[in-house]
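**Student:** The structure's right below; bear with me while I get my questions together.
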Amino acid sequence: MNKEKKIITIASMLKKINNANIITHKNPDADTLGSAMALCLALRKLGKCANIIVEEEISSRIEFLLEGYENLNFKPQCTISVDISSDSLIPESAPEKVDICIDHHATNNIAADYKLVIEDAAATGEIVFEIIEEMGIPLCKTMAKCLYAAIASDTGCFKYSNTTKKSHLIAAELMDYLEDFAKINRKMFEFESIKDFKLKQMVFANTEFFYNGTLAIAEISKEMLDEFGITLEQVDVAIASELIKIEEVKVSALLKEKDGGIKVSLRTVEGYDAAEIAAMWGGGGHKRASGCMFTEPLHVARQKIIDDLKVFLFEGNNGN
Ligand SMILES: [Mn+2]
């Protein structure tokens with residue numbers, strides 16, 4: 001089935017459902033939240049009951065996406081996942097079975113009755129935009145804000161190589177409804193608290209480089225979080241992306257210590273497939289950004305990453 005047909009199919013499926021719970025991935029970002037909010041509002045406009053399920057604390061950068069949102073009371077008959085690539089990222093409180101899965105991760109392995117995975121979409125927000133358009137539901141300011149934030153977030157504000165002509169065309173459509181797109185971008189990409197700034201300084205000061213500077217490894221330990229009174233969920237995701245801006249670096253890994261393990265955020269430059277690297281340790285994601293978990297202590301996980309990446313960095317990987 002081609003892409004357009006899939007959008008048409010899912011739009012008609014959504015028109016037929018009575019109600020839905022829309023689930024977002026753990027450690028929510030603007031793509032999962034914005035896509036969920038926009039889809040939720042669209043379904044509500046059709047007179048259906050819809051709620052979104054968000055687990056874990058939301059970063060202060062993207063709290064604005066949920067402004068004005070209130071849960072409805074109903075018995076959900078359908079579960080829709082947005083931007084969730086694997087079962088391990090499904091919220092614990094979500095129903096076990098996913099009925100409809102909407103996503104753009106090439107590594108998607110969710111078991112669902114119906115799956116719409118469009119790998120060349122820069123963000124799930126782009127897919128949700130097309131579904132809403134296909135359903136014939138007029139956009140409102142809030143939906144536009146959420147979808148714009150979703151796309152801006154996953155494209156690094158239209159800078160990353162996943163950005164397409166379509167990303168820009170959709171954003172251009174959304175701009176007709178946006179009050180202040182610059183404000184959305186400032187909130188998501190620029191503002192930071194003094195605490196964030198100081199934690200970032202410490203992380204950068206302790207960053208180490210290996211293999212002629214092609215690998216950058218940084219870490220955020222529990223002690224560091226305690227010192228600044230910040231929870232892991234509040235740590236700015238931008239820290240991971242900062243490391244890959246260093247000219248010599250091909251692969252960067254930010255290790256974050258949390259209860260029960262180490263969460264790793266990987267970033268790569270062209271020629272090094274971040275999803276493939278994360279897959280070595282049971283993780284997944286995109287070509288330029290991915291993640292995985294280790295159950296070992298911080299120093300063990302760190303050494304494993306350094307050792308395992310040796311081959312990748314000396315021989316390169318042919319993924320793009
Ligand atoms: Mn996404």
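Here's how to read the names in the structure tokens: chain A, B, ... by the order shown, residue numbers from 1 in each chain, ligand numbers from 1 in the order shown.
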Need to verify the contact set: Gly291 in chain A, 7 Å, only C-alpha atoms, exclusion of same-chain residues closer than 3 positions in sequence. Can you return it as an MDAnalysis selection string?

**Tutor:** chainID A and resid 264:266 278 283:285

**Student:** Hey, which residues come within 12 Å of ligand 1 if we count only C-alpha atoms and all ligand atoms? Could you give them as a PyMOL selection string?

**Tutor:** chain A and resi 24-25+28-36+81-85+102-108+117-128+147+149-156+162+285-286+289-290

**Student:** A:Asp113, A:Glu173, A:Glu233, A:Glu92: which is nearest Ser60 in chain A, counting only C-alpha atoms?

**Tutor:**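 Selected residue with least distance to Ser60 in chain A: A:Glu233.
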
**Student:** Looking only at the backbone, which of the residues in range 17-73 of chain A does DSSP tag as strand (DSSP E), as a list in words?

**Tutor:** Asn19, Ala20, Asn21, Ile22, Ile23, Cys49, Ala50, Asn51, Ile52 and Ile53 of chain A

**Student:** Would you mind writing down, as a ChimeraX atom specification, each residue of range 106-294 of chain A that DSSP on the backbone assigns to helix (DSSP H, G or I)?

**Tutor:** /A:124-134,141-154,165-175,181-190,194-205,222-228,232-234,238-243,274-279

**Student:** In Å to one decimal, how far is CA of Thr214 in chain A from CA of Leu89 in chain A?

**Tutor:**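 That distance, rounded to one decimal, is 29.5 Å.
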
**Student:** Here is a test: counting only C-alpha atoms, which residue of A:Tyr160, A:Phe181, A:Phe228, A:Tyr272 is nearest to Phe197 in chain A?

**Tutor:**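 Comparing A:Tyr160, A:Phe181, A:Phe228, A:Tyr272 against Phe197 in chain A, the winner is A:Phe228.
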
**Student:** Give me, as an NGL selection string, all polymer residues having an atom no more than 12 Å from range 207-213 of chain A, counting only C-alpha atoms and skipping those fewer than 3 positions away in the same chain.

**Tutor:** :A and (200-204 or 216-220 or 239-240 or 242-244 or 246-255 or 302-303 or 305-307 or 309-316)

**Student:** Using only C-alpha atoms, which of the listed residues (A:Cys157, A:Val300, A:Gly229, A:Glu130) sits closest to Glu4 in chain A?

**Tutor:**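 For Glu4 in chain A, the nearest of the candidates is A:Glu130.
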
**Student:** Ranking A:Glu133, A:Asp180, A:Glu192, A:Glu96 by minimum distance to Ala238 in chain A and counting only C-alpha atoms, which one comes first?

**Tutor:**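 When distances to Ala238 in chain A are compared using only C-alpha atoms, the smallest one comes from A:Glu192.
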
**Student:** Using only C-alpha atoms, which of A:Thr295, A:Ser93, A:Asn185, A:Asn19 sits nearest Phe64 in chain A?

**Tutor:**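 Smallest distance to Phe64 in chain A is found for A:Asn185.
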
**Student:** For each of A:Ala274, A:Met1, A:Met135, A:Val98, take the minimum atom-to-atom distance to Lys16 in chain A, counting only C-alpha atoms, then give the residue where this is smallest.

**Tutor:**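 For Lys16 in chain A, the nearest of the given residues is A:Met135.
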
**Student:** For Ile131 in chain A, work out the shell of residues within 10 Å, counting only C-alpha atoms and skipping chain neighbours fewer than 4 positions away, then give it as a CSV table (one decimal) with C-alpha atoms, in the first residue's frame.

**Tutor:**
chain,number,residue,atom,x,y,z
A,4,GLU,CA,-1.2,8.2,0.5
A,6,LYS,CA,-2.2,4.3,4.2
A,7,ILE,CA,-3.1,7.9,5.3
A,8,ILE,CA,-6.6,7.5,3.8
A,9,THR,CA,-7.0,4.1,5.5
A,10,ILE,CA,-6.1,5.3,8.9
A,11,ALA,CA,-8.2,8.5,8.5
A,12,SER,CA,-11.3,6.4,7.8
A,14,LEU,CA,-10.1,6.9,13.1
A,39,LEU,CA,-4.7,14.0,17.3
A,42,ALA,CA,-8.9,16.4,16.2
A,125,GLY,CA,3.8,15.3,13.7
A,126,GLU,CA,4.0,15.4,9.9
A,127,ILE,CA,2.1,12.1,9.7
A,135,MET,CA,-10.1,13.5,8.0
A,136,GLY,CA,-11.2,17.0,6.8
A,137,ILE,CA,-10.8,18.5,10.3

**Student:** Hey, what's within 10 Å of Leu232 in chain A if we count only C-alpha atoms and toss same-chain stuff fewer than 6 positions away? As number ranges by chain, please?

**Tutor:** A: 27, 57, 59, 220-222, 225-226, 256-258, 263

**Student:** Any chance you can output those residues with N, CA, C and O atoms as a PDB file, in the first residue's frame?

**Tutor:**
ATOM      1  N   ASN A  27       9.795   9.242  28.713  1.00  0.00           N
ATOM      2  CA  ASN A  27      10.685  10.378  28.537  1.00  0.00           C
ATOM      3  C   ASN A  27      10.172  11.237  27.362  1.00  0.00           C
ATOM      4  O   ASN A  27      10.849  11.423  26.363  1.00  0.00           O
ATOM      5  N   GLU A  57       7.808  12.655  34.077  1.00  0.00           N
ATOM      6  CA  GLU A  57       7.776  14.106  34.140  1.00  0.00           C
ATOM      7  C   GLU A  57       8.077  14.733  32.773  1.00  0.00           C
ATOM      8  O   GLU A  57       8.906  14.229  32.024  1.00  0.00           O
ATOM      9  N   SER A  59       9.553  17.721  30.451  1.00  0.00           N
ATOM     10  CA  SER A  59      10.553  18.782  30.524  1.00  0.00           C
ATOM     11  C   SER A  59       9.875  20.156  30.496  1.00  0.00           C
ATOM     12  O   SER A  59       8.884  20.357  29.790  1.00  0.00           O
ATOM     13  N   ILE A 220      26.220  12.092  33.210  1.00  0.00           N
ATOM     14  CA  ILE A 220      25.516  12.809  34.269  1.00  0.00           C
ATOM     15  C   ILE A 220      25.223  11.782  35.354  1.00  0.00           C
ATOM     16  O   ILE A 220      24.415  10.876  35.167  1.00  0.00           O
ATOM     17  N   SER A 221      25.949  11.913  36.453  1.00  0.00           N
ATOM     18  CA  SER A 221      25.773  10.943  37.536  1.00  0.00           C
ATOM     19  C   SER A 221      24.671  11.422  38.480  1.00  0.00           C
ATOM     20  O   SER A 221      24.258  12.583  38.442  1.00  0.00           O
ATOM     21  N   LYS A 222      24.224  10.504  39.324  1.00  0.00           N
ATOM     22  CA  LYS A 222      23.218  10.867  40.327  1.00  0.00           C
ATOM     23  C   LYS A 222      23.736  11.975  41.231  1.00  0.00           C
ATOM     24  O   LYS A 222      23.001  12.876  41.613  1.00  0.00           O
ATOM     25  N   LEU A 225      23.278  15.316  39.663  1.00  0.00           N
ATOM     26  CA  LEU A 225      21.868  15.737  39.701  1.00  0.00           C
ATOM     27  C   LEU A 225      21.503  16.232  41.095  1.00  0.00           C
ATOM     28  O   LEU A 225      20.844  17.258  41.249  1.00  0.00           O
ATOM     29  N   ASP A 226      21.977  15.496  42.106  1.00  0.00           N
ATOM     30  CA  ASP A 226      21.687  15.893  43.491  1.00  0.00           C
ATOM     31  C   ASP A 226      22.288  17.259  43.808  1.00  0.00           C
ATOM     32  O   ASP A 226      21.670  18.093  44.451  1.00  0.00           O
ATOM     33  N   LYS A 256      23.468   8.780  31.323  1.00  0.00           N
ATOM     34  CA  LYS A 256      22.750   9.355  32.454  1.00  0.00           C
ATOM     35  C   LYS A 256      22.389   8.257  33.437  1.00  0.00           C
ATOM     36  O   LYS A 256      21.769   7.270  33.071  1.00  0.00           O
ATOM     37  N   GLU A 257      22.803   8.460  34.687  1.00  0.00           N
ATOM     38  CA  GLU A 257      22.576   7.440  35.708  1.00  0.00           C
ATOM     39  C   GLU A 257      21.170   7.588  36.279  1.00  0.00           C
ATOM     40  O   GLU A 257      20.782   8.665  36.723  1.00  0.00           O
ATOM     41  N   LYS A 258      20.394   6.504  36.188  1.00  0.00           N
ATOM     42  CA  LYS A 258      19.081   6.545  36.828  1.00  0.00           C
ATOM     43  C   LYS A 258      18.856   5.245  37.580  1.00  0.00           C
ATOM     44  O   LYS A 258      19.603   4.292  37.410  1.00  0.00           O
ATOM     45  N   LYS A 263      21.015   5.351  31.202  1.00  0.00           N
ATOM     46  CA  LYS A 263      20.315   5.700  29.981  1.00  0.00           C
ATOM     47  C   LYS A 263      21.322   6.408  29.074  1.00  0.00           C
ATOM     48  O   LYS A 263      22.004   7.331  29.512  1.00  0.00           O
TER      49      LYS A 263
END

**Student:** Would you compute the distance between CA of Lys75 in chain A and CA of Ile22 in chain A? Give it in Å to one decimal.

**Tutor:**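 Those two atoms sit 13.0 Å apart.
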
**Student:** Env of Lys48 in chain A: 12 Å cut, atoms = only C-alpha atoms, seq-sep filter 5 positions within chain, self excluded. Answer as a ChimeraX atom specification.

**Tutor:** /A:14-21,39-43,72-78

**Student:** Take the residues from that selection and put them in a file with N, CA, C and O atoms, as a CSV table (one decimal), in the first residue's frame.

**Tutor:**
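File produced: selection23.csv:
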chain,number,residue,atom,x,y,z
A,14,LEU,N,-10.0,6.0,11.9
A,14,LEU,CA,-10.1,6.9,13.1
A,14,LEU,C,-11.5,7.6,13.1
A,14,LEU,O,-12.1,7.8,14.2
A,15,LYS,N,-12.1,7.7,11.9
A,15,LYS,CA,-13.5,8.3,11.9
A,15,LYS,C,-14.5,7.3,12.5
A,15,LYS,O,-15.5,7.7,13.0
A,16,LYS,N,-14.2,6.0,12.4
A,16,LYS,CA,-15.1,5.0,12.8
A,16,LYS,C,-15.0,4.7,14.3
A,16,LYS,O,-16.0,4.1,14.9
A,17,ILE,N,-13.9,5.0,15.0
A,17,ILE,CA,-13.8,4.6,16.4
A,17,ILE,C,-14.7,5.5,17.3
A,17,ILE,O,-15.0,6.6,16.9
A,18,ASN,N,-15.1,4.9,18.4
A,18,ASN,CA,-15.9,5.7,19.3
A,18,ASN,C,-15.1,6.6,20.2
A,18,ASN,O,-15.5,7.7,20.4
A,19,ASN,N,-14.0,6.1,20.7
A,19,ASN,CA,-13.2,6.9,21.6
A,19,ASN,C,-11.8,6.3,21.6
A,19,ASN,O,-11.5,5.2,21.0
A,20,ALA,N,-10.8,7.0,22.2
A,20,ALA,CA,-9.4,6.5,22.1
A,20,ALA,C,-8.6,7.0,23.3
A,20,ALA,O,-8.8,8.2,23.7
A,21,ASN,N,-7.7,6.2,23.7
A,21,ASN,CA,-6.6,6.6,24.5
A,21,ASN,C,-5.4,6.8,23.6
A,21,ASN,O,-5.0,5.8,22.9
A,39,LEU,N,-3.8,15.1,17.7
A,39,LEU,CA,-4.7,14.0,17.3
A,39,LEU,C,-5.9,14.0,18.3
A,39,LEU,O,-7.0,13.7,17.9
A,40,CYS,N,-5.6,14.2,19.6
A,40,CYS,CA,-6.6,14.2,20.6
A,40,CYS,C,-7.7,15.2,20.3
A,40,CYS,O,-8.9,15.0,20.3
A,41,LEU,N,-7.2,16.5,20.0
A,41,LEU,CA,-8.1,17.6,19.7
A,41,LEU,C,-8.9,17.3,18.5
A,41,LEU,O,-10.1,17.6,18.4
A,42,ALA,N,-8.2,16.7,17.5
A,42,ALA,CA,-8.9,16.4,16.2
A,42,ALA,C,-10.1,15.4,16.5
A,42,ALA,O,-11.2,15.6,16.0
A,43,LEU,N,-9.8,14.4,17.3
A,43,LEU,CA,-10.8,13.4,17.5
A,43,LEU,C,-12.0,14.0,18.3
A,43,LEU,O,-13.2,13.7,18.1
A,72,LEU,N,-10.9,13.5,29.9
A,72,LEU,CA,-12.3,13.2,29.9
A,72,LEU,C,-12.5,11.9,30.6
A,72,LEU,O,-11.6,11.1,30.7
A,73,ASN,N,-13.7,11.7,31.0
A,73,ASN,CA,-14.1,10.4,31.7
A,73,ASN,C,-14.8,9.5,30.7
A,73,ASN,O,-15.9,9.8,30.3
A,74,PHE,N,-14.2,8.4,30.4
A,74,PHE,CA,-14.9,7.4,29.5
A,74,PHE,C,-14.1,6.1,29.6
A,74,PHE,O,-13.0,6.0,30.1
A,75,LYS,N,-14.8,5.1,29.0
A,75,LYS,CA,-14.1,3.7,29.0
A,75,LYS,C,-13.5,3.5,27.7
A,75,LYS,O,-14.1,3.4,26.6
A,76,PRO,N,-12.1,3.6,27.6
A,76,PRO,CA,-11.5,3.6,26.3
A,76,PRO,C,-11.6,2.2,25.6
A,76,PRO,O,-11.5,1.2,26.2
A,77,GLN,N,-11.9,2.3,24.3
A,77,GLN,CA,-12.1,1.1,23.5
A,77,GLN,C,-10.9,0.9,22.5
A,77,GLN,O,-10.8,-0.1,21.8
A,78,CYS,N,-10.1,1.9,22.4
A,78,CYS,CA,-9.1,1.9,21.3
A,78,CYS,C,-7.8,2.6,21.9
A,78,CYS,O,-7.9,3.6,22.6
